[in-house]
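Just structure_1.cif here, mmCIF, C-alpha atoms:
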data_work
loop_
_atom_site.label_atom_id
_atom_site.label_comp_id
_atom_site.auth_asym_id
_atom_site.auth_seq_id
_atom_site.Cartn_x
_atom_site.Cartn_y
_atom_site.Cartn_z
CA MET K 1358 -34.00 -14.37 -85.36
CA PHE K 1359 -33.16 -18.05 -84.80
CA THR K 1360 -30.02 -17.17 -82.86
CA LYS K 1361 -31.87 -14.81 -80.53
CA ALA K 1362 -34.58 -17.40 -79.93
CA ALA K 1363 -32.01 -20.08 -79.19
CA VAL K 1364 -30.20 -17.81 -76.73
CA PHE K 1365 -33.49 -16.92 -75.03
CA LEU K 1366 -34.48 -20.57 -74.78
CA THR K 1367 -31.08 -21.51 -73.37
CA VAL K 1368 -31.24 -18.78 -70.75
CA ALA K 1369 -34.81 -19.72 -69.85
CA LEU K 1370 -33.97 -23.38 -69.45
CA GLY K 1371 -30.72 -22.63 -67.66
CA SER K 1372 -32.53 -20.64 -65.02
CA SER K 1373 -34.60 -23.68 -64.10
CA ILE K 1374 -31.76 -26.20 -64.08
CA SER K 1375 -30.27 -27.13 -60.72
CA PHE K 1376 -27.00 -28.97 -60.71
CA VAL K 1377 -26.91 -31.96 -58.39
CA LYS K 1378 -23.56 -32.57 -56.73
CA ALA K 1379 -22.21 -36.09 -56.51
CA THR K 1380 -22.54 -37.66 -53.08
CA ALA K 1381 -19.13 -38.09 -51.46
CA THR K 1382 -18.14 -41.06 -49.35
CA ALA K 1383 -18.21 -40.59 -45.59
CA THR K 1384 -14.98 -39.98 -43.72
CA CYS K 1385 -13.90 -41.29 -40.33
CA GLY K 1386 -13.88 -39.01 -37.32
CA ALA K 1387 -10.92 -38.72 -34.98
CA HIS K 1388 -12.21 -41.45 -32.66
CA GLY K 1389 -12.59 -43.94 -35.54
CA MET K 1390 -9.18 -43.54 -37.14
CA SER K 1391 -8.02 -46.94 -35.82
CA LEU K 1392 -10.59 -48.66 -38.04
CA ARG K 1393 -8.78 -47.50 -41.15
CA ALA K 1394 -6.75 -49.95 -43.22
CA SER K 1395 -2.96 -49.82 -43.29
CA ASN K 1396 -3.01 -47.65 -46.44
CA GLY K 1397 -5.28 -45.07 -44.79
CA GLN K 1398 -8.50 -46.09 -46.51
CA SER K 1399 -11.59 -45.99 -44.32
CA PRO K 1400 -14.09 -48.87 -44.10
CA CYS K 1401 -16.50 -46.56 -45.97
CA GLU K 1402 -14.09 -46.24 -48.90
CA ILE K 1403 -13.29 -49.95 -48.98
CA ALA K 1404 -16.98 -50.93 -48.93
CA ALA K 1405 -17.71 -48.37 -51.67
CA LEU K 1406 -14.86 -49.79 -53.77
CA MET K 1407 -16.37 -53.24 -53.40
CA VAL K 1408 -19.76 -51.97 -54.57
CA GLY K 1409 -18.15 -50.18 -57.51
CA LYS K 1410 -15.93 -53.18 -58.33
CA GLY K 1411 -12.72 -51.21 -57.96
CA ALA K 1412 -14.01 -47.66 -58.40
CA ILE K 1413 -16.01 -45.64 -55.90
CA PRO K 1414 -19.35 -44.75 -57.54
CA GLU K 1415 -19.91 -41.07 -58.28
CA ASN K 1416 -22.81 -41.15 -55.87
CA SER K 1417 -21.32 -43.08 -53.01
CA PRO K 1418 -23.47 -45.80 -51.43
CA PHE K 1419 -22.07 -44.74 -48.06
CA PRO K 1420 -22.36 -40.96 -47.65
CA GLU K 1421 -22.21 -39.16 -44.33
CA LEU K 1422 -24.96 -40.42 -42.05
CA TYR K 1423 -25.34 -36.90 -40.70
CA ASN K 1424 -26.34 -35.67 -44.16
CA LEU K 1425 -28.80 -38.54 -44.50
CA GLY K 1426 -30.41 -37.75 -41.16
CA GLN K 1427 -29.91 -41.37 -40.10
CA ASP K 1428 -28.04 -43.12 -37.31
CA ARG K 1429 -27.23 -46.20 -39.40
CA TYR K 1430 -27.16 -47.48 -42.97
CA THR K 1431 -30.36 -49.20 -44.03
CA ILE K 1432 -30.37 -52.95 -44.51
CA PRO K 1433 -30.34 -54.28 -48.09
CA THR K 1434 -33.73 -54.54 -49.73
CA MET K 1435 -34.82 -57.74 -51.44
CA ALA K 1436 -33.58 -56.29 -54.74
CA GLU K 1437 -30.24 -55.28 -53.22
CA ALA K 1438 -29.55 -58.46 -51.24
CA ASP K 1439 -26.90 -59.88 -53.57
CA ASP K 1440 -23.80 -61.99 -52.86
CA LEU K 1441 -21.77 -58.94 -51.81
CA ARG K 1442 -24.26 -57.48 -49.37
CA CYS K 1443 -24.97 -60.91 -47.90
CA ASN K 1444 -21.33 -61.29 -46.87
CA PRO K 1445 -20.12 -60.91 -43.26
CA VAL K 1446 -16.91 -59.12 -44.29
CA PHE K 1447 -18.90 -56.52 -46.21
CA TYR K 1448 -21.37 -56.24 -43.31
CA ASN K 1449 -18.52 -55.54 -40.89
CA LEU K 1450 -17.10 -52.87 -43.19
CA VAL K 1451 -20.47 -51.10 -43.51
CA ALA K 1452 -20.99 -51.25 -39.74
CA GLY K 1453 -17.42 -50.04 -39.25
CA CYS K 1454 -18.16 -47.18 -41.62
CA ALA K 1455 -20.96 -46.02 -39.33
CA ALA K 1456 -18.91 -46.59 -36.18
CA CYS K 1457 -15.93 -44.59 -37.41
CA GLN K 1458 -18.00 -41.47 -38.18
CA ALA K 1459 -19.37 -40.75 -34.71
CA SER K 1460 -19.81 -42.61 -31.45
CA THR K 1461 -23.54 -41.85 -31.56
CA TYR K 1462 -24.07 -43.87 -34.74
CA THR K 1463 -25.03 -47.52 -34.71
CA TRP K 1464 -25.72 -50.42 -37.09
CA SER K 1465 -28.10 -53.28 -37.68
CA SER K 1466 -27.49 -56.75 -36.32
CA TRP K 1467 -26.20 -59.45 -38.68
CA GLU K 1468 -29.59 -61.19 -38.53
CA SER K 1469 -31.42 -58.01 -39.48
CA TRP K 1470 -28.89 -57.10 -42.17
CA THR K 1471 -29.31 -60.49 -43.87
CA SER K 1472 -33.09 -60.73 -43.42
CA HIS K 1473 -33.64 -60.43 -47.19
CA CYS K 1474 -30.76 -62.71 -48.19
CA LYS K 1475 -31.56 -66.07 -49.73
CA SER K 1476 -28.09 -67.30 -48.70
CA ASN K 1477 -24.86 -65.87 -47.34
CA THR K 1478 -21.44 -65.86 -48.99
CA GLY K 1479 -18.08 -66.44 -47.32
CA VAL K 1480 -14.48 -65.29 -47.51
CA SER K 1481 -13.92 -67.15 -50.79
CA TYR K 1482 -16.38 -64.76 -52.46
CA ILE K 1483 -14.41 -61.78 -51.17
CA ALA K 1484 -11.15 -63.35 -52.35
CA ASP K 1485 -12.53 -63.79 -55.86
CA THR K 1486 -14.13 -60.35 -56.21
CA MET K 1487 -12.01 -57.99 -54.11
CA PRO K 1488 -10.68 -55.02 -56.12
CA TYR K 1489 -6.96 -55.04 -56.82
CA ASP K 1490 -4.60 -53.58 -54.21
CA THR K 1491 -7.44 -52.93 -51.77
CA PRO K 1492 -6.65 -53.99 -48.18
CA VAL K 1493 -9.22 -55.53 -45.88
CA PRO K 1494 -8.67 -54.65 -42.19
CA ASN K 1495 -8.10 -57.64 -39.91
CA TRP K 1496 -11.19 -56.90 -37.80
CA ALA K 1497 -13.49 -57.25 -40.83
CA PHE K 1498 -12.94 -61.02 -40.81
CA THR K 1499 -14.48 -61.45 -37.36
CA ASP K 1500 -17.60 -63.61 -37.50
CA PRO K 1501 -20.54 -61.46 -36.29
CA LEU K 1502 -21.85 -64.51 -34.44
CA ALA K 1503 -18.68 -64.42 -32.30
CA THR K 1504 -19.65 -60.94 -31.10
CA ASN K 1505 -23.24 -61.63 -30.06
CA GLY K 1506 -24.62 -61.51 -33.58
CA THR K 1507 -23.54 -57.98 -34.37
CA PHE K 1508 -20.53 -55.83 -35.18
CA ASN K 1509 -18.59 -54.79 -32.08
CA ALA K 1510 -16.80 -51.48 -32.66
CA THR K 1511 -14.90 -51.52 -29.36
CA ALA K 1512 -13.53 -55.00 -30.01
CA ALA K 1513 -12.67 -54.09 -33.61
CA MET K 1514 -10.67 -51.06 -32.50
CA ALA K 1515 -8.92 -53.13 -29.85
CA MET K 1516 -8.09 -55.85 -32.36
CA LYS K 1517 -6.70 -53.31 -34.83
CA SER K 1518 -4.50 -51.63 -32.26
CA ALA K 1519 -3.40 -54.72 -30.33
CA THR K 1520 0.38 -54.79 -30.70
CA ASP K 1521 0.67 -58.33 -29.36
CA LEU K 1522 -1.59 -59.67 -32.13
CA ALA K 1523 -0.02 -57.75 -35.02
CA ILE K 1524 -2.48 -59.22 -37.53
CA PRO K 1525 -1.83 -57.56 -40.90
CA ASP K 1526 -4.45 -56.34 -43.34
CA THR K 1527 -5.26 -58.69 -46.20
CA ILE K 1528 -4.81 -57.89 -49.88
CA PHE K 1529 -6.26 -60.76 -51.89
CA ASN K 1530 -5.43 -59.41 -55.36
CA VAL K 1531 -2.22 -57.55 -56.11
CA LYS K 1532 -1.52 -56.07 -59.53
CA SER K 1533 1.71 -57.51 -60.87
CA ASP K 1534 3.12 -59.11 -64.02
CA SER K 1535 2.83 -62.54 -62.45
CA THR K 1536 -0.82 -62.21 -61.46
CA ALA K 1537 -2.23 -63.33 -64.80
CA SER K 1538 -0.01 -66.40 -65.13
CA SER K 1539 -0.52 -67.34 -61.50
CA SER K 1540 -4.28 -67.00 -61.80
CA SER K 1541 -4.38 -69.49 -64.65
CA ALA K 1542 -3.42 -72.21 -62.19
CA SER K 1543 -6.54 -71.53 -60.16
CA SER K 1544 -7.67 -74.22 -57.76
CA SER K 1545 -9.30 -74.38 -54.34
CA VAL K 1546 -7.43 -74.25 -51.05
CA ASP K 1547 -9.56 -74.32 -47.91
CA GLY K 1548 -12.50 -72.96 -49.84
CA VAL K 1549 -10.57 -69.95 -51.19
CA SER K 1550 -9.65 -69.66 -54.86
CA LYS K 1551 -5.91 -70.15 -55.30
CA GLY K 1552 -5.99 -67.86 -58.33
CA ALA K 1553 -7.57 -65.11 -56.28
CA LEU K 1554 -4.83 -65.43 -53.68
CA ALA K 1555 -2.00 -65.34 -56.22
CA GLY K 1556 0.42 -62.57 -55.36
CA GLY K 1557 -1.73 -61.49 -52.44
CA THR K 1558 -1.03 -60.97 -48.77
CA VAL K 1559 -3.31 -63.32 -46.86
CA GLY K 1560 -1.98 -63.00 -43.33
CA GLY K 1561 -4.94 -60.94 -42.16
CA PHE K 1562 -7.40 -63.48 -43.57
CA ALA K 1563 -5.68 -66.55 -42.15
CA LEU K 1564 -5.11 -65.07 -38.72
CA GLY K 1565 -8.24 -62.94 -38.66
CA VAL K 1566 -10.54 -65.91 -39.23
CA LEU K 1567 -8.63 -68.05 -36.75
CA LEU K 1568 -8.22 -65.47 -34.02
CA GLY K 1569 -11.14 -63.11 -34.56
CA GLY K 1570 -13.37 -64.65 -31.95
CA LEU K 1571 -10.47 -65.31 -29.60
CA SER K 1572 -9.31 -61.69 -29.84
CA VAL K 1573 -12.75 -60.45 -28.83
CA LYS K 1574 -12.81 -62.79 -25.84
CA MET K 1575 -9.30 -61.67 -24.89
CA PHE K 1576 -10.35 -58.03 -25.05
CA PHE K 1577 -13.21 -58.50 -22.63
CA SER K 1578 -11.16 -60.76 -20.37
CA ARG K 1579 -8.53 -58.04 -20.10
CA LYS K 1580 -11.20 -55.55 -19.04
CA LYS K 1581 -12.18 -57.92 -16.26
CA VAL K 1582 -8.55 -58.20 -15.18
CA HIS K 1583 -8.22 -54.44 -14.80
CA LYS K 1584 -11.40 -54.29 -12.70
CA LYS K 1585 -10.09 -56.82 -10.18
CA ASN K 1586 -7.15 -56.63 -7.80
CA GLY K 1587 -5.31 -58.74 -5.27
CA GLU K 1588 -4.98 -62.49 -5.61
CA ASN K 1589 -7.92 -62.94 -8.01
CA SER K 1590 -6.46 -60.34 -10.32
CA SER K 1591 -3.13 -62.18 -10.35
CA VAL K 1592 -4.80 -65.50 -11.23
CA HIS K 1593 -6.82 -64.06 -14.07
CA SER K 1594 -3.80 -62.15 -15.31
CA ASP K 1595 -1.82 -65.39 -15.53
CA GLU K 1596 -4.66 -67.00 -17.47
CA THR K 1597 -4.72 -64.09 -19.89
CA GLN K 1598 -0.97 -64.35 -20.44
CA ASP K 1599 -1.35 -68.07 -21.10
CA THR K 1600 -4.04 -67.29 -23.68
CA ILE K 1601 -1.78 -64.76 -25.39
CA GLY K 1602 1.07 -67.29 -25.40
CA ARG K 1603 -1.13 -69.95 -26.98
CA GLU K 1604 -2.38 -67.46 -29.55
CA LYS K 1605 1.13 -66.44 -30.56
CA THR K 1606 2.04 -70.10 -30.93
CA ILE K 1607 -0.95 -70.58 -33.25
CA MET K 1608 0.09 -67.51 -35.27
CA GLN K 1609 3.58 -68.92 -35.79
CA GLN K 1610 2.15 -72.20 -37.02
CA VAL K 1611 -0.21 -70.59 -39.59
#
Spell out the structure here as structure tokens.
Amino acid sequence: MFTKAAVFLTVALGSSISFVKATATATCGAHGMSLRASNGQSPCEIAALMVGKGAIPENSPFPELYNLGQDRYTIPTMAEADDLRCNPVFYNLVAGCAACQASTYTWSSWESWTSHCKSNTGVSYIADTMPYDTPVPNWAFTDPLATNGTFNATAAMAMKSATDLAIPDTIFNVKSDSTASSSSASSSVDGVSKGALAGGTVGGFALGVLLGGLSVKMFFSRKKVHKKNGENSSVHSDETQDTIGREKTIMQQV
């Protein structure tokens, strides 16, 4: 009697249970492949790893915008506006996540994104909290204020693919046997924790911060060069080459 009742109850309950699938992280479309990091991870995956502190949450914070019926990710609420979400690197990654999915998607301005933030964090926060072995694309270090107060997808793609810049991705924390001992000697260098940088590749950070704004200006100046011809085109072309030469000199000195 008890067994039959239990089976009946189980069947009755089972018929009313609906299984909810975990929300997967968005993937980049063909046009946004250049925004991926050197290891193939998309900005959506990297941002989700940052939220999950090294593991992408089962229900991703950055699912496909198409499935959400939105054209952008919503800005952080007052409850969500923590040190991570009030960081320009994270903002760029979230905006890049939208940009890489479809050309019709957009993103909020930096001012709007941080409207609920009490204060903003910098690169040192990212260096201290970045998950191990997770690369940050060079374009993510561009100051949003250098691109008219918002993420610029065209400039980011150009910066990523520019062969003359060759700015590598940054990996702040690398898992190795020496990481623990190196981290114990933690101190501050230019506002970035030395322990956090131990064993890491910081070329993208150093050059990205230094040349982010300059790269954007170079991109738009090159567009102007291609639109002009004759003597004016030659003059501006020479100026652009001088800028590239100065930039390479700076890169060698970093």
Checklist line | Residues returned when the PyMOL selection byres ((chain K and resi 1475-1481) around 6) runs on this file, as a PyMOL selection string | finding: chain K and resi 1440+1443-1444+1474+1482-1484+1549
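Compared by their closest atoms to K:Glu1402, and using all atoms listed in the file, the residues K:Gly1426, K:Tyr1462, K:Thr1511, K:Pro1488 rank with K:Pro1488 nearest.
Take atom CA of K:Pro1494 and atom CA of K:Thr1527: the distance between them is 6.6 Å.
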Note to self: Once the PyMOL selection byres ((chain K and resi 1380) around 6) is applied to the coordinates I shared, what remains selected? I want it as an MDAnalysis selection string.
What the structure shows: chainID K and resid 1379 1381 1416:1417
Take the residues from that selection and put them in a file with C-alpha atoms, as a PDB file, in the coordinates of the input.
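Saved to result35.pdb:
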ATOM      1  CA  ALA K1379     -22.210 -36.090 -56.510  1.00  0.00           C
ATOM      2  CA  ALA K1381     -19.130 -38.090 -51.460  1.00  0.00           C
ATOM      3  CA  ASN K1416     -22.810 -41.150 -55.870  1.00  0.00           C
ATOM      4  CA  SER K1417     -21.320 -43.080 -53.010  1.00  0.00           C
TER       5      SER K1417
END
Item checked: Nearest to K:Thr1504, chosen from K:Lys1532, K:Asn1449, K:Arg1393, K:Ser1469, with all atoms listed in the file counted in the distances -> K:Asn1449
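Proximity of K:Ala1503, K:Trp1496, K:Phe1508, K:Thr1382 to K:Glu1415, computed with only C-alpha atoms, is greatest for K:Thr1382.
Closest to K:Gly1409 among K:Gln1458, K:Thr1486, K:Ser1391, K:Thr1507 is K:Thr1486, based on all atoms listed in the file.
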Check: So which residues are close to (-9.5, -51.5, -49.9), meaning at most 9 Å away in the file's coordinates with all atoms listed in the file counted, and can you show them as a PyMOL selection string?
Finding: chain K and resi 1394+1396+1398-1400+1402-1407+1411+1487-1494+1528
Margin query: Using all atoms listed in the file for the distances, tell me which of K:Gly1397, K:Pro1501, K:Gly1389, K:Pro1418 is nearest to K:Ala1456.
Written below: K:Gly1389
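Atom to atom, atom CA of K:Glu1468 and atom CA of K:Phe1419 stand 20.4 Å apart.
Taking atom CA of K:Ala1515 and atom CA of K:Leu1422 as the two end points, the separation is 23.8 Å.
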Next item on the list: Taking the file above as input, evaluate the PyMOL selection byres ((chain K and resi 1517) around 7) and report the hits as number ranges by chain.
Entry: K: 1391-1392, 1495-1496, 1513-1516, 1518-1519
Show which residues sit within 8 Å of K:Ala1459, as an mmCIF file with C-alpha atoms, in the coordinates of the input. Count only C-alpha atoms, and ignore same-chain residues fewer than 5 positions away.
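Listing of out.cif after writing:
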data_model
loop_
_atom_site.group_PDB
_atom_site.id
_atom_site.type_symbol
_atom_site.label_atom_id
_atom_site.label_comp_id
_atom_site.auth_asym_id
_atom_site.auth_seq_id
_atom_site.Cartn_x
_atom_site.Cartn_y
_atom_site.Cartn_z
ATOM 1 C CA CYS K 1385 -13.900 -41.290 -40.330
ATOM 2 C CA GLY K 1386 -13.880 -39.010 -37.320
ATOM 3 C CA HIS K 1388 -12.210 -41.450 -32.660
ATOM 4 C CA GLY K 1389 -12.590 -43.940 -35.540
#
Would you list the contacts of stretch 1428-1433 of chain K as an mmCIF file with C-alpha atoms, in the coordinates of the input, taking every protein, DNA or RNA residue within 6 Å and counting all atoms listed in the file, but skipping same-chain residues closer than 6 positions in sequence?
data_model
loop_
_atom_site.group_PDB
_atom_site.id
_atom_site.type_symbol
_atom_site.label_atom_id
_atom_site.label_comp_id
_atom_site.auth_asym_id
_atom_site.auth_seq_id
_atom_site.Cartn_x
_atom_site.Cartn_y
_atom_site.Cartn_z
ATOM 1 C CA TYR K 1462 -24.070 -43.870 -34.740
ATOM 2 C CA THR K 1463 -25.030 -47.520 -34.710
ATOM 3 C CA TRP K 1464 -25.720 -50.420 -37.090
ATOM 4 C CA TRP K 1470 -28.890 -57.100 -42.170
#
Note to self: Between K:Val1408, K:Ser1466, K:Ser1460, K:Ala1510, which residue has the minimum interatomic distance to K:Leu1441, considering only C-alpha atoms?
What the structure shows: K:Val1408
